[in-house]
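Structure below is data.txt: compact mmCIF, C-alpha atoms.
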```txt
# COMPACT_ATOMS: atom_id res chain seq x y z
CA MET C 232 42.39 79.03 82.83
CA THR C 233 42.52 75.51 84.28
CA SER C 234 41.82 73.85 80.97
CA SER C 235 44.35 75.99 79.15
CA TRP C 236 46.93 75.15 81.81
CA LEU C 237 46.17 71.45 81.41
CA TRP C 238 46.55 71.73 77.69
CA ALA C 239 49.86 73.56 78.13
CA THR C 240 51.10 70.95 80.58
CA ARG C 241 50.00 68.14 78.33
CA GLY C 242 51.83 69.74 75.45
CA PHE C 243 54.88 70.19 77.61
CA LEU C 244 54.88 66.58 78.82
CA THR C 245 54.43 65.36 75.29
CA SER C 246 57.41 67.44 74.27
CA SER C 247 59.38 65.96 77.16
CA ARG C 248 58.66 62.46 76.00
CA GLU C 249 59.76 63.45 72.53
CA ALA C 250 62.91 64.99 73.96
CA ARG C 251 63.68 61.77 75.82
CA HIS C 252 63.11 59.82 72.69
CA LEU C 253 65.37 62.14 70.77
CA SER C 254 68.03 61.96 73.44
CA GLU C 255 68.31 58.26 72.79
CA LEU C 256 68.86 58.97 69.14
CA CYS C 257 71.21 61.94 68.91
CA TRP C 258 73.54 64.25 70.82
CA LEU C 259 71.11 64.57 73.69
CA SER C 260 72.27 61.13 74.70
CA VAL C 261 75.19 62.78 76.48
CA ILE C 262 72.71 64.18 79.06
CA PRO C 263 71.96 61.68 81.82
CA GLN C 264 68.31 60.54 81.98
CA GLY C 265 68.09 61.46 85.69
CA LEU C 266 69.01 65.04 84.92
CA ILE C 267 66.35 65.28 82.20
CA ALA C 268 63.74 63.96 84.65
CA MET C 269 64.85 66.50 87.25
CA MET C 270 64.64 69.36 84.75
CA ASN C 271 61.18 68.19 83.71
CA GLN C 272 60.02 68.35 87.33
CA LEU C 273 61.54 71.78 87.75
CA THR C 274 60.05 73.22 84.59
CA ALA C 275 56.58 71.81 85.28
CA GLY C 276 56.65 73.18 88.81
CA LEU C 277 57.84 76.60 87.70
CA LEU C 278 55.18 76.70 84.98
CA LEU C 279 52.55 76.11 87.65
CA LEU C 280 54.04 78.78 89.89
CA THR C 281 54.29 81.31 87.08
CA LEU C 282 50.58 80.85 86.49
CA ALA C 283 49.86 81.15 90.19
CA ALA C 284 52.01 84.23 90.79
CA PRO C 285 49.55 86.83 89.43
CA THR C 286 46.93 85.48 91.82
CA VAL C 287 49.21 86.40 94.68
CA GLY C 288 49.54 89.86 93.21
CA GLN C 289 45.76 90.25 93.17
CA GLU C 290 45.66 90.29 96.94
CA ILE C 291 47.13 93.75 97.08
CA THR C 292 44.25 95.39 95.27
CA GLY C 293 44.20 99.09 95.83
CA SER C 294 46.97 98.96 98.39
CA SER C 295 49.54 100.93 96.47
CA GLY C 296 49.65 104.20 94.68
CA PRO C 297 51.95 105.97 92.33
CA SER C 298 55.31 107.17 93.52
CA VAL C 299 56.87 110.44 92.43
CA ARG C 300 60.01 111.59 94.18
CA LEU C 301 62.69 114.21 93.88
CA VAL C 302 66.07 112.77 93.01
CA PRO C 303 68.38 114.27 95.67
CA PRO C 304 69.75 117.37 93.94
CA GLY C 305 73.27 118.65 94.24
CA ILE C 306 73.92 122.15 95.49
CA THR C 307 73.75 124.73 92.71
CA THR C 308 75.84 127.84 93.10
CA VAL C 309 74.11 131.08 92.18
CA THR C 310 75.83 134.43 92.07
CA ARG C 311 74.41 137.16 94.25
CA GLY C 312 72.40 139.64 92.21
CA LYS C 313 72.21 137.37 89.17
CA ALA C 314 69.65 134.86 88.00
CA GLY C 315 70.64 131.22 87.94
CA GLY C 316 68.93 127.99 86.98
CA VAL C 317 68.54 125.16 89.48
CA PRO C 318 67.87 121.77 87.87
CA LEU C 319 65.52 119.44 89.72
CA GLN C 320 65.01 115.89 88.59
CA PHE C 321 61.90 113.90 89.52
CA ARG C 322 61.36 110.17 89.19
CA ILE C 323 57.96 108.57 88.53
CA GLY C 324 57.39 104.96 89.53
CA ARG C 325 57.28 102.43 86.72
CA GLY C 326 53.83 101.85 85.23
CA PHE C 327 52.58 105.32 86.11
CA HIS C 328 52.42 108.63 84.29
CA ILE C 329 51.54 112.15 85.35
CA ASN C 330 50.17 114.98 83.25
CA SER C 331 52.72 117.37 81.83
CA ASN C 332 52.62 121.06 82.67
CA THR C 333 50.51 121.57 79.57
CA PRO C 334 47.97 118.74 79.37
CA LYS C 335 45.77 118.57 76.32
CA SER C 336 42.47 118.98 78.12
CA GLU C 337 41.17 121.67 80.42
CA PHE C 338 39.84 118.92 82.67
CA LEU C 339 43.26 117.43 83.34
CA ILE C 340 45.43 118.63 86.20
CA PRO C 341 48.82 120.01 85.11
CA THR C 342 52.03 119.28 86.97
CA ILE C 343 53.08 122.46 88.76
CA LEU C 344 55.97 123.26 91.06
CA LYS C 345 55.23 125.97 93.58
CA LEU C 346 58.00 127.29 95.74
CA ASP C 347 57.50 129.11 99.02
CA ALA C 348 58.32 132.80 98.88
CA THR C 349 61.55 133.92 100.45
CA THR C 350 62.58 137.43 101.41
CA ASP C 351 66.06 137.59 99.93
CA ILE C 352 65.94 135.12 97.06
CA VAL C 353 63.57 135.85 94.22
CA VAL C 354 62.05 132.69 92.76
CA GLY C 355 61.42 133.22 89.07
CA GLN C 356 59.98 131.05 86.36
CA VAL C 357 59.96 127.29 86.38
CA ALA C 358 60.89 125.74 83.04
CA TYR C 359 58.98 122.51 82.45
CA PRO C 360 59.96 119.90 79.89
CA LYS C 361 57.70 119.25 76.96
CA GLY C 362 55.33 116.40 77.65
CA GLU C 363 55.66 113.08 75.95
CA GLU C 364 52.71 112.53 73.63
CA ARG C 365 51.38 109.07 74.35
CA SER C 366 48.21 107.12 73.98
CA PHE C 367 47.11 104.61 76.59
CA PRO C 368 45.03 101.44 76.52
CA PHE C 369 42.04 103.25 78.02
CA SER C 370 41.94 105.61 75.05
CA PRO C 371 44.10 104.33 72.20
CA ASP C 372 42.98 106.97 69.70
CA GLU C 373 43.79 109.93 71.92
CA LYS C 374 47.24 111.23 72.75
CA LEU C 375 47.94 112.76 76.12
CA SER C 376 50.82 114.98 77.12
CA VAL C 377 52.50 113.22 80.03
CA TYR C 378 55.70 112.69 81.96
CA THR C 379 56.94 109.17 82.60
CA GLY C 380 60.13 107.88 84.17
CA ASP C 381 62.48 110.77 84.92
CA PHE C 382 61.78 114.38 84.08
CA ALA C 383 63.68 117.55 84.96
CA LEU C 384 62.51 121.06 85.77
CA THR C 385 64.65 124.15 86.02
CA VAL C 386 63.87 126.77 88.61
CA THR C 387 65.24 130.27 88.09
CA VAL C 388 66.35 131.98 91.28
CA ARG C 389 67.97 135.37 91.86
CA PRO C 390 69.50 136.16 95.22
CA LEU C 391 69.33 139.85 96.01
CA HIS C 392 72.56 141.81 96.35
CA SER C 393 71.88 142.02 100.07
CA VAL C 394 71.97 138.24 100.62
CA VAL C 395 74.82 137.03 102.80
CA PRO C 396 76.83 134.44 100.83
CA GLY C 397 76.23 130.90 102.01
CA LYS C 398 73.85 128.00 101.69
CA TYR C 399 70.09 128.51 101.60
CA MET C 400 67.28 125.98 101.64
CA LEU C 401 64.29 126.53 99.35
CA ARG C 402 61.04 124.65 99.86
CA GLY C 403 57.87 124.08 97.93
CA GLN C 404 55.48 121.46 96.57
CA LEU C 405 55.13 119.61 93.31
CA LYS C 406 51.45 119.24 92.52
CA TYR C 407 50.72 116.30 90.25
CA GLN C 408 48.03 113.82 89.38
CA ALA C 409 49.03 110.32 88.35
CA CYS C 410 47.40 107.50 86.43
CA ASP C 411 48.34 104.09 85.18
CA ASN C 412 46.94 102.12 82.27
CA ALA C 413 43.50 101.69 83.81
CA ALA C 414 42.98 104.06 86.72
CA CYS C 415 43.82 107.47 88.12
CA TYR C 416 44.83 108.55 91.59
CA PRO C 417 43.80 111.70 93.42
CA PRO C 418 45.99 114.77 93.00
CA LYS C 419 48.93 114.89 95.36
CA GLN C 420 51.44 117.42 96.59
CA LEU C 421 55.01 116.26 96.96
CA PRO C 422 57.07 118.33 99.40
CA VAL C 423 60.20 119.56 97.64
CA SER C 424 63.31 121.08 99.19
CA PHE C 425 66.73 121.87 97.81
CA GLU C 426 69.77 123.90 98.69
CA ILE C 427 71.50 126.62 96.74
CA LYS C 428 74.81 128.26 97.47
CA VAL C 429 74.85 132.00 97.09
CA ALA C 430 78.24 133.31 96.03
CA LYS C 431 79.62 136.82 95.87
CA ASP C 432 79.62 138.59 92.56
CA ALA C 433 83.30 138.77 91.66
CA THR C 434 82.76 141.85 89.52
CA ARG C 435 81.49 143.79 92.51
CA GLN C 436 84.41 142.93 94.75
CA GLY C 437 86.66 145.76 95.80
CA ARG C 438 83.86 148.26 96.20
CA ASN C 439 83.67 150.13 99.43
CA PRO C 440 81.17 148.26 101.65
CA ALA C 441 80.25 151.55 103.20
CA GLN C 442 78.54 152.44 99.93
CA SER C 443 76.17 149.52 100.37
CA PRO C 444 74.62 149.88 103.79
CA HIS C 445 72.17 146.98 103.18
CA VAL C 446 74.93 144.42 102.82
CA HIS C 447 75.26 142.56 106.11
CA GLN C 448 78.03 140.03 105.96
CA MET P 136 72.57 63.96 98.07
CA ASN P 137 71.00 62.61 94.87
CA ARG P 138 69.91 64.60 91.84
CA ASN P 139 66.25 64.56 92.86
CA SER P 140 67.07 66.21 96.17
CA ILE P 141 69.09 68.91 94.44
CA GLY P 142 66.22 69.45 92.02
CA TRP P 143 63.74 69.93 94.84
CA ILE P 144 66.02 72.35 96.68
CA VAL P 145 66.44 74.45 93.52
CA PHE P 146 62.70 74.27 92.88
CA VAL P 147 61.79 75.44 96.39
CA ALA P 148 64.31 78.29 96.19
CA VAL P 149 63.05 79.56 92.84
CA ALA P 150 59.42 79.11 93.91
CA SER P 151 60.01 81.16 97.04
CA VAL P 152 61.53 83.99 95.01
CA ILE P 153 58.55 84.02 92.59
CA LEU P 154 55.95 84.02 95.36
CA VAL P 155 57.69 86.75 97.34
CA ALA P 156 58.36 88.91 94.29
CA ALA P 157 54.93 88.57 92.66
CA PRO P 158 53.07 91.22 94.70
CA TYR P 159 55.98 93.62 94.35
CA MET P 160 56.16 93.10 90.60
CA ALA P 161 52.41 93.57 90.24
CA ARG P 162 52.58 96.80 92.21
CA ARG P 163 55.54 98.05 90.16
CA ALA P 164 53.66 97.32 86.96
CA GLY P 165 50.67 99.31 88.17
CA ILE P 166 48.29 96.44 87.55
CA SER P 167 47.48 95.58 91.13
CA HIS P 168 43.93 96.89 90.88
CA ASP P 169 43.25 95.14 87.63
CA ILE P 170 41.28 92.55 89.51
CA GLN P 171 37.82 92.44 90.91
CA LYS P 172 38.07 91.45 94.53
CA PRO P 173 35.42 91.11 97.21
CA ASP P 174 35.92 93.72 99.90
CA ALA P 175 34.40 94.58 103.24
CA LEU P 176 31.30 96.04 101.59
CA THR P 177 30.41 93.01 99.49
CA GLY P 178 27.29 91.25 100.72
CA LYS P 179 26.40 94.10 103.05
CA PRO P 180 23.78 96.82 102.67
CA ALA P 181 25.03 99.73 100.59
CA PRO P 182 25.64 102.75 102.85
CA ALA P 183 22.84 105.31 102.63
CA PHE P 184 23.55 108.77 101.25
CA ASP P 185 21.82 111.94 100.27
CA LEU P 186 23.73 114.07 97.83
CA PRO P 187 23.00 117.04 95.60
CA SER P 188 22.50 116.43 91.91
CA LEU P 189 23.80 118.79 89.26
CA ASP P 190 20.42 120.49 89.08
CA GLY P 191 20.39 121.10 92.81
CA LYS P 192 17.99 118.38 93.93
CA THR P 193 18.80 116.10 96.83
CA VAL P 194 19.03 112.47 95.77
CA ARG P 195 19.03 109.59 98.24
CA LEU P 196 20.08 106.00 97.67
CA SER P 197 16.69 105.01 99.04
CA ASP P 198 15.09 106.80 96.07
CA PHE P 199 16.20 103.80 94.01
CA LYS P 200 14.69 101.16 96.27
CA GLY P 201 13.93 98.00 94.31
CA LYS P 202 16.35 98.90 91.52
CA THR P 203 19.78 97.61 90.71
CA VAL P 204 22.15 100.52 91.23
CA LEU P 205 25.51 100.97 89.56
CA LEU P 206 27.39 103.51 91.66
CA ASN P 207 30.32 104.94 89.76
CA PHE P 208 32.83 107.20 91.52
CA TRP P 209 34.62 109.42 89.03
CA ALA P 210 36.32 112.77 88.49
CA THR P 211 36.82 115.12 85.58
CA TRP P 212 40.60 114.57 85.74
CA CYS P 213 40.21 110.81 85.29
CA GLN P 214 40.64 109.84 81.63
CA PRO P 215 39.68 106.16 82.11
CA CYS P 216 36.45 107.38 83.76
CA ARG P 217 35.62 109.28 80.61
CA VAL P 218 35.75 106.07 78.57
CA GLU P 219 33.35 104.05 80.67
CA MET P 220 30.90 106.89 81.32
CA SER P 221 29.73 106.78 77.73
CA TRP P 222 29.25 103.01 78.09
CA PHE P 223 27.26 103.51 81.27
CA ASP P 224 24.94 105.79 79.38
CA GLU P 225 24.35 103.07 76.79
CA PHE P 226 23.78 100.48 79.50
CA GLN P 227 21.33 102.77 81.27
CA LYS P 228 19.29 102.87 78.06
CA LYS P 229 19.66 99.15 77.40
CA TYR P 230 18.93 97.83 80.89
CA GLY P 231 16.88 100.69 82.38
CA SER P 232 13.67 98.83 81.65
CA GLU P 233 15.02 95.87 83.65
CA GLY P 234 15.56 98.09 86.68
CA LEU P 235 19.13 99.34 86.25
CA GLN P 236 19.91 102.79 87.63
CA VAL P 237 23.33 104.24 86.92
CA VAL P 238 24.44 106.88 89.41
CA GLY P 239 27.68 108.78 88.95
CA ILE P 240 29.25 110.38 92.02
CA THR P 241 32.04 112.90 91.51
CA THR P 242 34.74 112.91 94.13
CA GLN P 243 35.69 116.50 93.45
CA ASP P 244 34.97 119.30 95.81
CA ASP P 245 37.05 121.92 94.10
CA SER P 246 35.34 121.93 90.74
CA SER P 247 32.37 124.07 89.95
CA ARG P 248 29.19 122.23 89.18
CA SER P 249 29.13 123.83 85.77
CA GLN P 250 32.50 122.26 84.95
CA ILE P 251 31.27 118.87 86.12
CA ALA P 252 28.12 119.32 84.06
CA ASN P 253 30.15 120.32 81.01
CA PHE P 254 32.29 117.22 81.37
CA ALA P 255 29.28 114.92 81.77
CA ASP P 256 27.69 116.52 78.75
CA GLU P 257 30.88 116.19 76.71
CA VAL P 258 31.23 112.47 77.41
CA GLY P 259 27.52 111.86 76.90
CA ALA P 260 26.64 110.81 80.44
CA HIS P 261 22.97 111.62 80.76
CA TYR P 262 22.24 109.50 83.81
CA THR P 263 22.03 110.78 87.39
CA ILE P 264 25.19 112.63 88.42
CA LEU P 265 25.70 113.57 92.06
CA VAL P 266 28.30 115.74 93.74
CA GLY P 267 29.99 113.56 96.32
CA THR P 268 31.35 114.30 99.76
CA ASN P 269 34.29 112.90 101.64
CA SER P 270 31.98 111.22 104.15
CA VAL P 271 30.26 109.26 101.38
CA SER P 272 33.63 108.16 99.99
CA VAL P 273 34.65 107.03 103.47
CA ALA P 274 31.35 105.20 103.94
CA TYR P 275 32.09 103.28 100.75
CA GLY P 276 35.42 102.12 102.11
CA GLY P 277 37.48 104.99 100.78
CA ILE P 278 38.07 105.64 97.11
CA PRO P 279 41.82 105.25 96.63
CA LEU P 280 41.63 105.35 92.85
CA LEU P 281 39.23 106.08 90.06
CA PRO P 282 37.12 104.85 88.46
CA SER P 283 35.64 102.84 91.30
CA THR P 284 32.34 101.13 90.65
CA ILE P 285 30.01 99.46 93.12
CA TYR P 286 27.15 97.22 92.08
CA VAL P 287 24.12 97.18 94.37
CA ASN P 288 21.35 94.64 93.82
CA ARG P 289 17.57 95.16 94.13
CA ASP P 290 17.74 94.28 97.82
CA GLY P 291 20.17 97.12 98.44
CA GLN P 292 23.13 94.85 99.02
CA VAL P 293 26.57 95.39 97.52
CA VAL P 294 27.25 92.68 94.96
CA SER P 295 30.76 93.71 93.98
CA ARG P 296 33.22 96.54 93.71
CA VAL P 297 35.51 97.13 90.75
CA TYR P 298 38.61 99.33 90.73
CA GLY P 299 39.91 100.76 87.49
CA LEU P 300 38.60 100.60 83.97
CA LYS P 301 37.30 97.27 82.73
CA SER P 302 36.36 96.25 79.24
CA ARG P 303 32.88 97.04 77.98
CA SER P 304 31.92 93.38 78.00
CA GLU P 305 33.17 92.86 81.56
CA ILE P 306 31.11 95.81 82.75
CA GLU P 307 28.05 94.46 80.96
CA ASP P 308 28.61 91.06 82.60
CA ASP P 309 28.77 92.74 86.01
CA ILE P 310 25.55 94.61 85.28
CA LYS P 311 23.80 91.39 84.26
CA LEU P 312 25.05 89.69 87.40
CA ALA P 313 23.75 92.54 89.58
CA LEU P 314 20.43 92.46 87.72
CA GLY P 315 20.16 88.78 88.59
CA HIS P 316 20.53 87.33 85.13
CA SER P 317 20.79 83.58 85.43
CA ARG P 318 23.68 83.24 83.01
CA VAL P 319 26.97 83.39 84.85
CA PRO P 320 29.32 85.78 83.11
CA HIS P 321 32.68 84.63 81.87
CA LYS P 322 35.45 86.37 83.75
```

This entry written out as structure tokens:
Amino acid sequence: MTSSWLWATRGFLTSSREARHLSELCWLSVIPQGLIAMMNQLTAGLLLLTLAAPTVGQEITGSSGPSVRLVPPGITTVTRGKAGGVPLQFRIGRGFHINSNTPKSEFLIPTILKLDATTDIVVGQVAYPKGEERSFPFSPDEKLSVYTGDFALTVTVRPLHSVVPGKYMLRGQLKYQACDNAACYPPKQLPVSFEIKVAKDATRQGRNPAQSPHVHQ
Amino acid sequence: MNRNSIGWIVFVAVASVILVAAPYMARRAGISHDIQKPDALTGKPAPAFDLPSLDGKTVRLSDFKGKTVLLNFWATWCQPCRVEMSWFDEFQKKYGSEGLQVVGITTQDDSSRSQIANFADEVGAHYTILVGTNSVSVAYGGIPLLPSTIYVNRDGQVVSRVYGLKSRSEIEDDIKLALGHSRVPHK
């Protein structure tokens, strides 16, 4: 490293001398010599710092893990008695990937969203996006099915006819297992919560409430 | 204020930004563990353990007294682990006669032993595989990520710890170093 840096610096300084020489000969002569010297100092210093910067980064070995978070969702309106899809978008930290819902090996842990059961709102299927097929430096010949960056799930919910219209909070966990280009992190469970707004079914309006004794508005 | 002064002020400002941002950038890039770094265990006696092997026997670290031990923490869900486990098997054959003992410790407690055995068989890891416990992971300073490999010399002292997958040649260099080869590896 040291020798290669010295070689690079030597090359740079040589180029600087050439640049100075050239400046005396051509259009570079419009640049004051003092400014060229200053820029040389700056560039040499920054070159040294750029080489030193990764060493600073090394000091945080093992101190950080992957980040997966739920992008704050808006409130989805779902009609009472009907199924509706609630989109949920998740964001994975740069440099990391998590397995898709359908990884290519039985040994890999799929990403799964599990929602807590509620009494009046039926939680149906979760639609997962197709994984991105990617190979990684640790296994260049093998393609894995993963999510990177942002990915969106859709949760199907169906409020029962008896649900009082209004806002409801649903909670659950996203189970995932993340890796980067050289290592993997233990499986984690991300707490997930989002609101839905249950609205009346317009087609049922006008009926006699007395015929539906379970409706409690 | 002359030009030199301005230059130095700009230099110090840019330098400060680079030095402050470097750890953050490394973390964002997910490469922060891509370095071998001495930790609290290095130079100290390797913590003792007794753990069950896949065939049900109890294996102790002290069983390998006088040998150089490569302790590799892994899991079936760790793809990089899969890559190096086949290398470890080759190194066990190559350096076994010199006193190398590779020991794999799974960090899983929710997998059946048959699944672990199937995985080890699939990747061709025929060395000693043990089923780990949380207390052993804690004794080894916690295992925040996998693979995590600890090299223990013949005197039972930790020589180094490596996080993440390294190249085959780097691993071989680390093995040679732990075995006490005189040639210093190129890092």

As a check of understanding: the span from atom CA of Phe223 of chain P to atom CA of Ser376 of chain C is 26.5 Å

Exercise on segment 286-303 of chain P, axis-aligned box with 5 Å per side, report centre and edge lengths in Å to one decimal, as lines of an AutoDock Vina configuration file:
```
center_x = 28.7
center_y = 96.7
center_z = 88.5
size_x = 32.3
size_y = 18.1
size_z = 31.0
```

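Going from atom CA of Asp381 of chain C to atom CA of Arg322 of chain C covers 4.5 Å.
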
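Residue nearest chain P, chosen from C:Arg311, C:Lys374, C:Arg300, C:His392 and counting only C-alpha atoms: C:Lys374.
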
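Take atom CA of Thr310 of chain C and atom CA of Asp347 of chain C: the distance between them is 20.3 Å.
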
Residue with the minimum atom-to-atom distance to Ser232 of chain P, picked from P:Val218, P:Asn269, P:Leu314, P:Val294 with all atoms listed in the file counted, is P:Leu314
